[in-house]
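J.: Provided herewith is a single structure, encoded as structure tokens, for subsequent inquiry.
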Amino acid sequence: MDELNGKLNPKMLEMYKRRTHFSKVEVEALCKIYRKLVANASLNSKALAASNPGVIAKAGSSMDGIDRSVFRELLHSTFDIVTEETLMERIFCAWEKGYEGLPIRLEGWLMGLSTFLKGSQAEKTAFCFRVYDLNSDGFITKDEMFALLRNCLIKQPQDEDPDEGVKDLVEIALRKLDMDKDGKISFQDYQEAIAEEPLLLEAFGQCLPSDRATMSFLSTLQAQEDSN
């Protein structure tokens with residue numbers, strides 16, 4: 001397999017078809033998109049280096065993959081995800097388990113999009129929980145809920161103490177999601193709550209694409225499949 005030219009040998013293609021919800025043609029199309037995004041990331045990196053010659057690249061920054069800036073632009077322009085900086089960063093870090101914060105590799109790109117676009121409720125629940133678990137300790141705590149909800153709310157000029165309103169929302173969220181009433185949300189709590197009320201899935205901010213964006217992206221892949 002050559003990640004840079006986006007090509008997969010037949011065995012890898014079959015493996016990704018089995019491990020994702022995509023057809024072979026969709027996998028091939030996504031590999032081509034990946035190649036273009038990595039090229040864009042490389043151009044951005046070179047432009048940054050040229051404009052800041054005195055800046056020394058961070059260790060590991062030369063690793064091939066989709067970087068933060070390209071990924072965030074993709075979330076915004078392609079998947080209609082309009083959210084604040086903290087949540088954008090968390091989506092990037094949660095995208096590929098075991099590679100948190102590193103450029104997204106081809107395998108992570110395909111596996112992540114499989115959940116993002118065609119995932120089961122269980123897969124999407126696990127992804128959203130990873131996004132909201134800010135310190136990756138296995139729980140969404142009151143402090144994490146407060147940070148997420150505070151960043152999501154638009155502050156009104158007349159609000160004397162907007163933090164009080166956020167604290168009220170945290171208590172409401174706990175009542176809905178803290179199934180064992182221990183003051184924090186475990187993954188099991190979150191699973192049980194979402195199973196009962198699926199609308200709570202993105203309770204702490206948008207981290208999945210809109211239905212319209214999903215259908216539009218998948219129809220583009222389908223068009224490539226039909227043309228073959």
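Letters A, B, ... go to the chains of the structure tokens in the order shown; residues in each chain start at 1; ligands are counted from 1 in the same order.
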Sorted by chain and rising residue number, list the residues of stretch 52-141 of chain A at most 6 Å from stretch 167-189 of chain A (counting only C-alpha atoms), each with its closest atom pair and distance in Å to one decimal, as a tab-separated table.

T.:
```
residue	atom	partner	partner_atom	distance
A:Phe139	CA	A:Ser186	CA	4.7
A:Ile140	CA	A:Ile185	CA	5.0
A:Thr141	CA	A:Lys184	CA	4.8
```

J.: Per residue of stretch 96-183 of chain A within 9 Å of stretch 5-28 of chain A, note the shortest atom pair and the distance in Å to one decimal, counting only C-alpha atoms, and order the rows by chain and increasing residue number, as CSV.

T.:
```
residue,atom,partner,partner_atom,distance
A:Leu106,CA,A:Gly6,CA,8.2
A:Glu107,CA,A:Tyr16,CA,8.1
A:Leu110,CA,A:Thr20,CA,7.3
A:Met111,CA,A:Thr20,CA,6.1
A:Leu113,CA,A:Thr20,CA,8.7
A:Ser114,CA,A:Thr20,CA,5.5
A:Thr115,CA,A:Thr20,CA,8.1
A:Leu117,CA,A:His21,CA,8.9
A:Lys118,CA,A:His21,CA,6.3
A:Gly119,CA,A:His21,CA,7.5
```

J.: Store the residues of this selection in a file with C-alpha atoms, as an mmCIF file, in the first residue's frame.

T.:
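The result, stored in result.cif:
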```cif
data_model
loop_
_atom_site.group_PDB
_atom_site.id
_atom_site.type_symbol
_atom_site.label_atom_id
_atom_site.label_comp_id
_atom_site.auth_asym_id
_atom_site.auth_seq_id
_atom_site.Cartn_x
_atom_site.Cartn_y
_atom_site.Cartn_z
ATOM 1 C CA LEU A 106 -5.184 6.548 5.702
ATOM 2 C CA GLU A 107 -6.485 3.760 7.951
ATOM 3 C CA LEU A 110 -11.328 5.358 6.435
ATOM 4 C CA MET A 111 -12.298 3.930 9.829
ATOM 5 C CA LEU A 113 -15.413 8.212 8.162
ATOM 6 C CA SER A 114 -17.101 4.827 8.385
ATOM 7 C CA THR A 115 -18.375 5.762 11.842
ATOM 8 C CA LEU A 117 -21.067 8.718 7.835
ATOM 9 C CA LYS A 118 -22.480 5.207 8.167
ATOM 10 C CA GLY A 119 -21.847 4.224 11.761
#
```

J.: Considering only C-alpha atoms, state which residue in the set A:Ser77, A:Ile104, A:Val70, A:Cys31 is at the smallest distance from A:Ser216.

T.: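 Of the candidates, the smallest distance to A:Ser216 is held by A:Ser77.
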
J.: A:Val166, A:Met215, A:Met145, A:Leu37: which is nearest A:Ala203, counting only C-alpha atoms?

T.: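 For A:Ala203, the nearest of the candidates is A:Met145.
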
J.: Env of A:Ala94: 12 Å cut, atoms = only C-alpha atoms, seq-sep filter 6 positions within chain, self excluded. Answer as number ranges by chain.

T.: A: 87-88, 100-104, 108-109, 111-112, 115-116, 124, 126-136, 207

J.: Select, from A:Gln222, A:Trp95, A:Asp211, A:Gln206, the residue with the minimum atom-to-atom distance to A:Ile81, counting only C-alpha atoms.

T.: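 Among A:Gln222, A:Trp95, A:Asp211, A:Gln206, it is A:Gln206 that comes nearest to A:Ile81.
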
J.: Identify which of the residues A:Ser219, A:Gly138, A:Ser120, A:Phe146 lies closest to A:Pro198, counting only C-alpha atoms when measuring atom-to-atom distances.

T.: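 Looking at the shortest contact to A:Pro198, the residue is A:Ser120.
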
J.: Hey, what does DSSP flag as alpha helix (DSSP H) within stretch 29-191 of chain A? Can you give it to me as a ChimeraX atom specification?

T.: /A:29-51,68-77,85-94,106-118,121-132,142-152,162-177,187-191
